[in-house]
$ cat target18.txt   # compact mmCIF, C-alpha atoms
# COMPACT_ATOMS: atom_id res chain seq x y z
CA MET A 221 0.00 0.00 0.00
CA ASN A 222 2.88 2.37 -0.79
CA LYS A 223 4.20 1.08 2.50
CA LEU A 224 0.49 0.59 3.23
CA ILE A 225 -0.49 4.24 2.99
CA LEU A 226 -4.03 3.09 3.46
CA ILE A 227 -3.57 3.71 7.16
CA LEU A 228 -5.04 7.15 6.47
CA LEU A 229 -8.38 5.76 7.46
CA GLY A 230 -7.20 4.51 10.84
CA PHE A 231 -5.96 7.91 11.90
CA THR A 232 -9.32 9.60 11.32
CA LEU A 233 -11.10 7.47 13.90
CA ALA A 234 -12.43 9.30 16.93
CA ALA A 235 -15.03 7.37 18.86
CA CYS A 236 -16.78 8.03 22.14
CA SER A 237 -16.98 4.53 23.63
CA SER A 238 -16.97 0.88 22.66
CA GLU A 239 -20.74 0.98 22.39
CA THR A 240 -20.93 4.15 20.32
CA LYS A 241 -17.83 3.53 18.25
CA LYS A 242 -18.03 5.30 14.89
CA PRO A 243 -17.80 3.37 11.64
CA LEU A 244 -14.35 3.05 10.17
CA LYS A 245 -15.31 5.97 7.95
CA PRO A 246 -18.50 7.62 9.25
CA ILE A 247 -20.12 9.00 6.11
CA ALA A 248 -23.81 9.71 5.97
CA PRO A 249 -25.45 7.41 3.40
CA LYS A 250 -26.08 8.91 0.01
CA LYS A 251 -29.63 9.12 -1.20
CA GLU A 252 -30.38 6.05 -3.27
CA ARG A 253 -32.19 6.15 -6.57
CA LEU A 254 -35.62 4.67 -6.19
CA SER A 255 -37.07 2.27 -8.74
CA GLN A 256 -40.74 1.45 -9.11
CA VAL A 257 -41.81 -2.04 -8.11
CA LYS A 258 -45.14 -3.77 -8.31
CA LYS A 259 -48.13 -2.48 -6.38
CA GLY A 260 -46.80 1.07 -6.45
CA HIS A 261 -44.21 0.59 -3.71
CA GLU A 262 -40.73 2.07 -3.96
CA LYS A 263 -37.57 0.49 -2.68
CA PRO A 264 -33.86 1.33 -3.04
CA ALA A 265 -32.43 -0.70 -5.89
CA ALA A 266 -29.14 -1.14 -4.03
CA ASP A 267 -30.97 -2.73 -1.10
CA ASN A 268 -32.53 -5.34 -3.36
CA ALA A 269 -29.17 -5.97 -5.01
CA LEU A 270 -27.45 -6.70 -1.71
CA LYS A 271 -30.14 -9.10 -0.57
CA ASP A 272 -30.11 -10.83 -3.97
CA PHE A 273 -26.34 -11.19 -3.67
CA ASP A 274 -26.72 -12.88 -0.28
CA LYS A 275 -29.38 -15.27 -1.54
CA LYS A 276 -27.36 -16.37 -4.55
CA ASN A 277 -23.88 -16.59 -3.05
CA ILE A 278 -23.94 -17.71 0.61
CA GLN A 279 -22.24 -21.12 0.77
CA ASN A 280 -22.04 -21.88 4.50
CA THR A 281 -23.59 -20.51 7.70
CA ARG A 282 -22.50 -20.92 11.30
CA HIS A 283 -23.96 -19.50 14.52
CA PHE A 284 -21.49 -18.77 17.31
CA GLU A 285 -21.90 -18.56 21.07
CA ASP A 286 -20.57 -14.98 21.09
CA GLY A 287 -23.79 -13.92 19.35
CA LEU A 288 -22.49 -13.60 15.79
CA THR A 289 -23.74 -15.37 12.71
CA VAL A 290 -21.15 -15.81 9.97
CA LYS A 291 -22.23 -16.58 6.40
CA TRP A 292 -19.40 -17.43 4.04
CA PHE A 293 -19.44 -16.53 0.35
CA PHE A 294 -15.99 -18.06 0.09
CA GLU A 295 -14.03 -19.92 2.76
CA SER A 296 -10.29 -20.35 2.58
CA PHE A 297 -8.46 -23.62 3.24
CA LYS A 298 -9.52 -25.06 6.57
CA LYS A 299 -5.90 -25.65 7.55
CA ASN A 300 -5.22 -21.90 7.42
CA PRO A 301 -5.19 -20.36 10.91
CA THR A 302 -7.95 -18.01 11.98
CA LEU A 303 -6.99 -14.47 12.86
CA LYS A 304 -6.10 -13.79 16.48
CA ASP A 305 -5.49 -10.88 18.84
CA GLY A 306 -2.47 -8.87 17.75
CA ASP A 307 -2.71 -9.77 14.05
CA VAL A 308 -2.77 -6.94 11.54
CA CYS A 309 -4.83 -7.77 8.48
CA LEU A 310 -5.87 -5.93 5.33
CA ILE A 311 -9.61 -5.91 4.76
CA ASN A 312 -12.03 -4.92 2.03
CA TYR A 313 -15.35 -4.25 3.75
CA ARG A 314 -18.85 -2.81 3.64
CA VAL A 315 -21.20 -2.30 6.60
CA SER A 316 -24.97 -2.19 6.16
CA LEU A 317 -28.20 -2.08 8.10
CA PRO A 318 -30.47 -5.14 7.95
CA ASP A 319 -32.53 -3.43 5.24
CA GLY A 320 -29.49 -3.61 2.95
CA LYS A 321 -28.52 0.07 3.11
CA ILE A 322 -24.73 0.35 3.09
CA PHE A 323 -23.42 3.18 5.29
CA ASP A 324 -19.68 2.45 5.52
CA GLY A 325 -16.89 0.91 3.46
CA ASN A 326 -13.32 1.42 2.32
CA ASN A 327 -14.63 2.13 -1.20
CA ARG A 328 -15.86 5.50 0.07
CA LEU A 329 -12.25 6.50 0.49
CA GLU A 330 -11.44 5.01 -2.90
CA LEU A 331 -9.10 2.54 -1.19
CA PRO A 332 -8.89 -1.14 -2.19
CA PHE A 333 -8.45 -2.23 1.45
CA ILE A 334 -7.50 -0.86 4.87
CA PRO A 335 -5.39 -2.24 7.77
CA TYR A 336 -6.97 -3.47 10.98
CA MET A 337 -5.40 -4.52 14.30
CA VAL A 338 -7.39 -7.49 15.62
CA GLY A 339 -8.45 -7.64 19.25
CA TYR A 340 -7.67 -4.10 20.40
CA ASN A 341 -10.99 -2.27 20.11
CA MET A 342 -10.36 -0.30 16.94
CA GLN A 343 -14.11 -0.53 16.42
CA PHE A 344 -17.20 -1.90 18.14
CA LYS A 345 -16.83 -5.29 19.81
CA GLY A 346 -18.48 -7.21 16.97
CA TRP A 347 -15.62 -6.35 14.62
CA ASP A 348 -12.94 -8.06 16.72
CA LEU A 349 -15.13 -11.08 17.37
CA ALA A 350 -15.99 -11.36 13.69
CA LEU A 351 -12.41 -11.26 12.43
CA LYS A 352 -11.36 -13.96 14.90
CA HIS A 353 -13.77 -16.33 13.09
CA LEU A 354 -12.09 -15.66 9.73
CA LYS A 355 -8.91 -16.64 7.88
CA VAL A 356 -6.89 -14.90 5.18
CA GLY A 357 -8.81 -15.39 1.95
CA ASP A 358 -12.26 -15.61 3.55
CA PHE A 359 -15.14 -13.56 2.17
CA ALA A 360 -18.10 -13.47 4.55
CA LYS A 361 -21.13 -11.66 5.86
CA ILE A 362 -21.22 -11.24 9.65
CA GLU A 363 -24.56 -10.54 11.26
CA VAL A 364 -23.82 -8.54 14.40
CA PRO A 365 -26.51 -8.08 17.09
CA ALA A 366 -27.08 -4.58 18.43
CA GLU A 367 -25.39 -5.27 21.76
CA LEU A 368 -22.13 -6.03 19.92
CA ALA A 369 -22.51 -3.02 17.60
CA TYR A 370 -23.94 0.43 18.42
CA GLY A 371 -26.30 -0.71 21.16
CA ALA A 372 -29.21 1.32 22.49
CA LYS A 373 -27.57 4.63 21.49
CA GLY A 374 -27.27 3.83 17.81
CA PHE A 375 -25.05 6.10 15.73
CA ASN A 376 -26.31 9.61 14.94
CA THR A 377 -29.12 9.34 12.40
CA ILE A 378 -27.36 6.54 10.51
CA VAL A 379 -27.81 3.51 12.77
CA PRO A 380 -31.08 3.34 14.74
CA SER A 381 -31.23 2.42 18.40
CA LYS A 382 -30.85 -1.31 19.06
CA SER A 383 -30.24 -2.07 15.40
CA PRO A 384 -28.17 -5.05 14.27
CA VAL A 385 -25.61 -4.38 11.55
CA TRP A 386 -24.19 -6.57 8.82
CA ILE A 387 -20.46 -6.59 8.03
CA TYR A 388 -19.38 -7.77 4.60
CA VAL A 389 -15.64 -8.40 4.66
CA LYS A 390 -12.86 -9.95 2.60
CA VAL A 391 -9.65 -10.71 4.47
CA VAL A 392 -7.08 -9.82 1.82
CA ALA A 393 -3.84 -10.51 3.68
CA LYS A 394 -2.07 -10.59 7.01
CA VAL A 395 0.83 -8.18 7.51
CA SER A 396 3.90 -9.07 9.57
CA PRO A 397 5.52 -6.34 11.71
CA GLU A 398 8.68 -4.88 10.24
CA PHE A 399 10.07 -4.57 13.79
CA ASN A 400 9.52 -7.18 16.51
CA GLN A 401 11.95 -7.03 19.40
CA ASP A 402 11.94 -6.69 23.20
CA GLY A 403 8.16 -6.46 23.43
CA ILE A 404 7.79 -3.81 20.71
CA LYS A 405 6.10 -4.47 17.37
CA THR A 406 5.61 -1.87 14.64
CA TRP A 407 3.83 -1.84 11.29
CA THR A 408 4.72 1.25 9.25
CA PHE A 409 2.17 2.31 6.64
CA ASP A 410 3.73 5.63 5.67
CA GLU A 411 7.43 6.16 6.33
CA GLY A 412 7.14 9.96 6.49
CA VAL A 413 9.82 12.41 5.31
CA ALA A 414 13.24 13.35 6.65
CA THR A 415 13.77 16.71 8.38
CA SER A 416 16.86 18.62 9.49
CA PHE A 417 16.03 17.75 13.11
CA ASP A 418 15.98 13.96 12.76
CA ALA A 419 19.51 13.47 14.16
CA SER A 420 19.08 16.04 16.92
CA GLU A 421 19.14 14.91 20.53
CA SER A 422 16.99 17.87 21.56
CA LYS A 423 14.12 17.48 19.11
CA GLU A 424 10.40 17.44 19.91
CA ILE A 425 7.96 15.08 18.24
CA TYR A 426 4.34 16.09 17.74
CA TYR A 427 1.90 13.29 17.11
CA HIS A 428 -1.71 12.13 17.23
CA ALA A 429 -2.57 8.79 18.79
CA ILE A 430 -5.53 6.59 19.54
CA VAL A 431 -4.46 4.20 22.30
CA SER A 432 -6.44 1.09 23.23
CA SER A 433 -6.10 -2.27 24.92
CA LYS A 434 -7.97 -5.55 24.76
CA ASN A 435 -10.27 -4.32 27.54
CA GLN A 436 -10.46 -0.57 26.95
CA ALA A 437 -11.58 1.01 23.69
CA GLU A 438 -9.97 4.36 24.35
CA VAL A 439 -7.19 4.81 26.84
CA GLN A 440 -6.31 8.02 24.98
CA ASN A 441 -7.49 9.80 21.84
CA SER A 442 -5.81 13.06 20.83
CA PHE A 443 -8.02 13.38 17.74
CA LYS A 444 -11.02 14.26 19.92
CA ARG A 445 -9.55 17.62 20.87
CA ASN A 446 -7.65 17.99 17.61
CA LEU A 447 -4.60 18.77 19.74
CA PRO A 448 -1.40 16.81 18.98
CA LEU A 449 0.57 15.25 21.81
CA ARG A 450 4.21 16.27 22.36
CA TYR A 451 7.28 14.28 23.32
CA ALA A 452 10.78 15.74 23.77
CA LEU A 453 13.71 13.33 23.73
CA GLY A 454 14.86 12.45 27.23
CA GLN A 455 11.50 13.05 28.88
CA LYS A 456 9.57 10.26 30.57
CA ASN A 457 6.05 11.47 29.94
CA VAL A 458 5.32 8.45 27.71
CA VAL A 459 5.83 4.73 28.28
CA PRO A 460 9.27 3.20 27.54
CA GLY A 461 8.31 1.39 24.34
CA LEU A 462 6.76 4.50 22.82
CA ARG A 463 9.86 6.53 23.67
CA LYS A 464 11.94 4.09 21.62
CA VAL A 465 9.55 4.32 18.67
CA LEU A 466 9.29 8.11 18.73
CA LYS A 467 13.06 8.56 18.95
CA ASN A 468 13.36 7.54 15.30
CA ALA A 469 10.04 8.96 14.09
CA LYS A 470 9.76 10.89 10.85
CA LYS A 471 7.36 13.72 10.04
CA GLY A 472 4.24 12.30 8.44
CA GLN A 473 4.95 8.76 9.62
CA LYS A 474 1.88 6.57 10.14
CA VAL A 475 2.38 3.43 12.15
CA PHE A 476 0.69 0.79 14.28
CA VAL A 477 2.59 0.09 17.51
CA LEU A 478 1.87 -2.85 19.81
CA LEU A 479 3.64 -2.80 23.19
CA ASP A 480 3.89 -5.64 25.70
CA ALA A 481 3.16 -4.67 29.29
CA THR A 482 6.90 -4.53 30.00
CA GLN A 483 7.17 -1.67 27.49
CA ALA A 484 3.95 -0.02 28.71
CA TYR A 485 2.62 0.27 32.28
CA GLY A 486 3.91 -3.08 33.55
CA VAL A 487 2.57 -4.90 36.58
CA ARG A 488 1.03 -1.75 38.08
CA GLY A 489 -1.13 -0.71 35.16
CA TYR A 490 -2.43 2.82 34.95
CA GLY A 491 -5.38 3.67 37.18
CA LYS A 492 -8.68 2.34 35.84
CA MET A 493 -7.62 2.74 32.21
CA VAL A 494 -4.87 0.10 31.88
CA GLY A 495 -4.88 -3.11 33.85
CA PRO A 496 -1.81 -4.82 35.32
CA ASN A 497 0.33 -6.63 32.74
CA GLU A 498 -1.78 -5.31 29.88
CA SER A 499 -0.42 -4.68 26.38
CA LEU A 500 -1.26 -1.45 24.52
CA PHE A 501 -1.99 -0.65 20.88
CA TYR A 502 -1.09 2.77 19.43
CA ASN A 503 -2.62 4.02 16.18
CA LEU A 504 0.05 6.67 15.63
CA ASN A 505 0.39 9.63 13.27
CA VAL A 506 3.50 11.86 13.56
CA THR A 507 2.51 15.38 12.55
CA ASP A 508 5.74 17.34 13.04
CA ILE A 509 9.38 17.27 14.22
CA LYS A 510 10.84 20.46 15.73
CA GLU A 511 13.98 21.64 17.51
CA ASN A 512 13.45 21.76 21.27

$ encode --input "target18.txt" --output "structure tokens"
Amino acid sequence: MNKLILILLGFTLAACSSETKKPLKPIAPKKERLSQVKKGHEKPAADNALKDFDKKNIQNTRHFEDGLTVKWFFESFKKNPTLKDGDVCLINYRVSLPDGKIFDGNNRLELPFIPYMVGYNMQFKGWDLALKHLKVGDFAKIEVPAELAYGAKGFNTIVPSKSPVWIYVKVVAKVSPEFNQDGIKTWTFDEGVATSFDASESKEIYYHAIVSSKNQAEVQNSFKRNLPLRYALGQKNVVPGLRKVLKNAKKGQKVFVLLDATQAYGVRGYGKMVGPNESLFYNLNVTDIKEN
């Protein structure tokens, strides 16, 4: 993805809670053209098309104890491993309401696929559960009950209260980290550009981050206030693993960072936000490098 530049989507996420998590790209649905059907009723043509697609192409259906129903259009080799927590995969997806109206998808950004970190609350709970039923190569529809999606609150005027949602997803590939050492893993999707301050030992790094864990959807989200975070080399205002990553950051760099507890808040955790021995995921966007 030009070093997976598709990460652009991930850095625009700014959700309020795990229950009210915004779609991967929250765009209000466009008005559909209406076509006349028998008896004078009108119905969106796209809705009919999606339901017809399901009827003609679903090959296998399974109901899971976590509340999800997965319907495969294509299932990869059974010997292939299912996705697990900590995997980064590339997905091509659409999300719709049960009436067939699509309200989200990577096509709306004109991107062929986007990266997703499994198991760390990038989106509502149903997403992580769904992907852990799938393998690379799978193409499936996941029927997500309301309690695993937007719940009683719904989402603005797009998703009604207590509405189930359907996720249509192709798992295109799994991406290995380019760095995996001492409890630090990184996946760089945009390498950024060099500046005159890169070699300085007194530089400041400005960055946006959405931080989450397996149990907490948002430990931190700088996008909410549209105010970048700041780290100056030598300071200890961020966890050890992030200090090591930011030391070599480039302006414009976009990266996923997964830190073991030893590189995060360790055995103590951090208040009510991070539990003891809990790993952390950083969806990181470096906005600027300056001289301190």

$ residues_around --input "target18.txt" --residues "Val494 in chain A" --least-positions-apart "4" --cutoff "12 Å" --atoms "only C-alpha atoms" --output "PDB file with C-alpha atoms, in the frame of the given file"
ATOM      1  CA  VAL A 431      -4.460   4.200  22.300  1.00  0.00           C
ATOM      2  CA  SER A 432      -6.440   1.090  23.230  1.00  0.00           C
ATOM      3  CA  SER A 433      -6.100  -2.270  24.920  1.00  0.00           C
ATOM      4  CA  LYS A 434      -7.970  -5.550  24.760  1.00  0.00           C
ATOM      5  CA  ASN A 435     -10.270  -4.320  27.540  1.00  0.00           C
ATOM      6  CA  GLN A 436     -10.460  -0.570  26.950  1.00  0.00           C
ATOM      7  CA  ALA A 437     -11.580   1.010  23.690  1.00  0.00           C
ATOM      8  CA  GLU A 438      -9.970   4.360  24.350  1.00  0.00           C
ATOM      9  CA  VAL A 439      -7.190   4.810  26.840  1.00  0.00           C
ATOM     10  CA  GLN A 440      -6.310   8.020  24.980  1.00  0.00           C
ATOM     11  CA  ALA A 481       3.160  -4.670  29.290  1.00  0.00           C
ATOM     12  CA  ALA A 484       3.950  -0.020  28.710  1.00  0.00           C
ATOM     13  CA  TYR A 485       2.620   0.270  32.280  1.00  0.00           C
ATOM     14  CA  GLY A 486       3.910  -3.080  33.550  1.00  0.00           C
ATOM     15  CA  VAL A 487       2.570  -4.900  36.580  1.00  0.00           C
ATOM     16  CA  ARG A 488       1.030  -1.750  38.080  1.00  0.00           C
ATOM     17  CA  GLY A 489      -1.130  -0.710  35.160  1.00  0.00           C
ATOM     18  CA  TYR A 490      -2.430   2.820  34.950  1.00  0.00           C
ATOM     19  CA  GLU A 498      -1.780  -5.310  29.880  1.00  0.00           C
ATOM     20  CA  SER A 499      -0.420  -4.680  26.380  1.00  0.00           C
ATOM     21  CA  LEU A 500      -1.260  -1.450  24.520  1.00  0.00           C
ATOM     22  CA  PHE A 501      -1.990  -0.650  20.880  1.00  0.00           C
TER      23      PHE A 501
END

$ closest_residue --input "target18.txt" --among "A:Lys510, A:His353, A:Lys405, A:Lys456" --to "Tyr426 in chain A" --atoms "all atoms listed in the file"
A:Lys510

$ atom_distance --input "target18.txt" --atom1 "CA of Asp307 in chain A" --atom2 "CA of Phe476 in chain A"
11.1 Å

$ closest_residue --input "target18.txt" --among "A:Ile278, A:Leu479, A:Val315, A:Leu351" --to "Pro460 in chain A" --atoms "only C-alpha atoms"
A:Leu479

$ residues_around --input "target18.txt" --residues "Gly412 in chain A" --least-positions-apart "5" --cutoff "8 Å" --atoms "all atoms listed in the file" --output "list in words"
Lys470, Lys471, Gly472, Gln473 and Lys474 of chain A

$ atom_distance --input "target18.txt" --atom1 "CA of Ala393 in chain A" --atom2 "CA of Asn280 in chain A"
21.5 Å

$ residues_around --input "target18.txt" --residues "range 355-359 of chain A" --least-positions-apart "2" --cutoff "12 Å" --atoms "only C-alpha atoms" --output "VMD selection string"
chain A and resid 274 277 to 280 290 to 304 307 to 314 350 to 353 361 to 362 387 to 395

$ atom_distance --input "target18.txt" --atom1 "CA of Pro496 in chain A" --atom2 "CA of Gln343 in chain A"
23.0 Å

$ axis_aligned_box --input "target18.txt" --around "range 426-436 of chain A" --padding-each-side "8 Å" --output "lines of an AutoDock Vina configuration file"
center_x = -3.1
center_y = 5.3
center_z = 22.3
size_x = 30.8
size_y = 37.6
size_z = 26.4

$ residues_around --input "target18.txt" --residues "range 462-468 of chain A" --least-positions-apart "4" --cutoff "10 Å" --atoms "all atoms listed in the file" --output "PyMOL selection string"
chain A and resi 404-406+418-421+423-427+451-458+475+477-479+483-484+502+504+506

$ closest_residue --input "target18.txt" --among "A:Pro397, A:Gly287, A:Gly461, A:Gly320" --to "Lys345 in chain A" --atoms "all atoms listed in the file"
A:Gly287
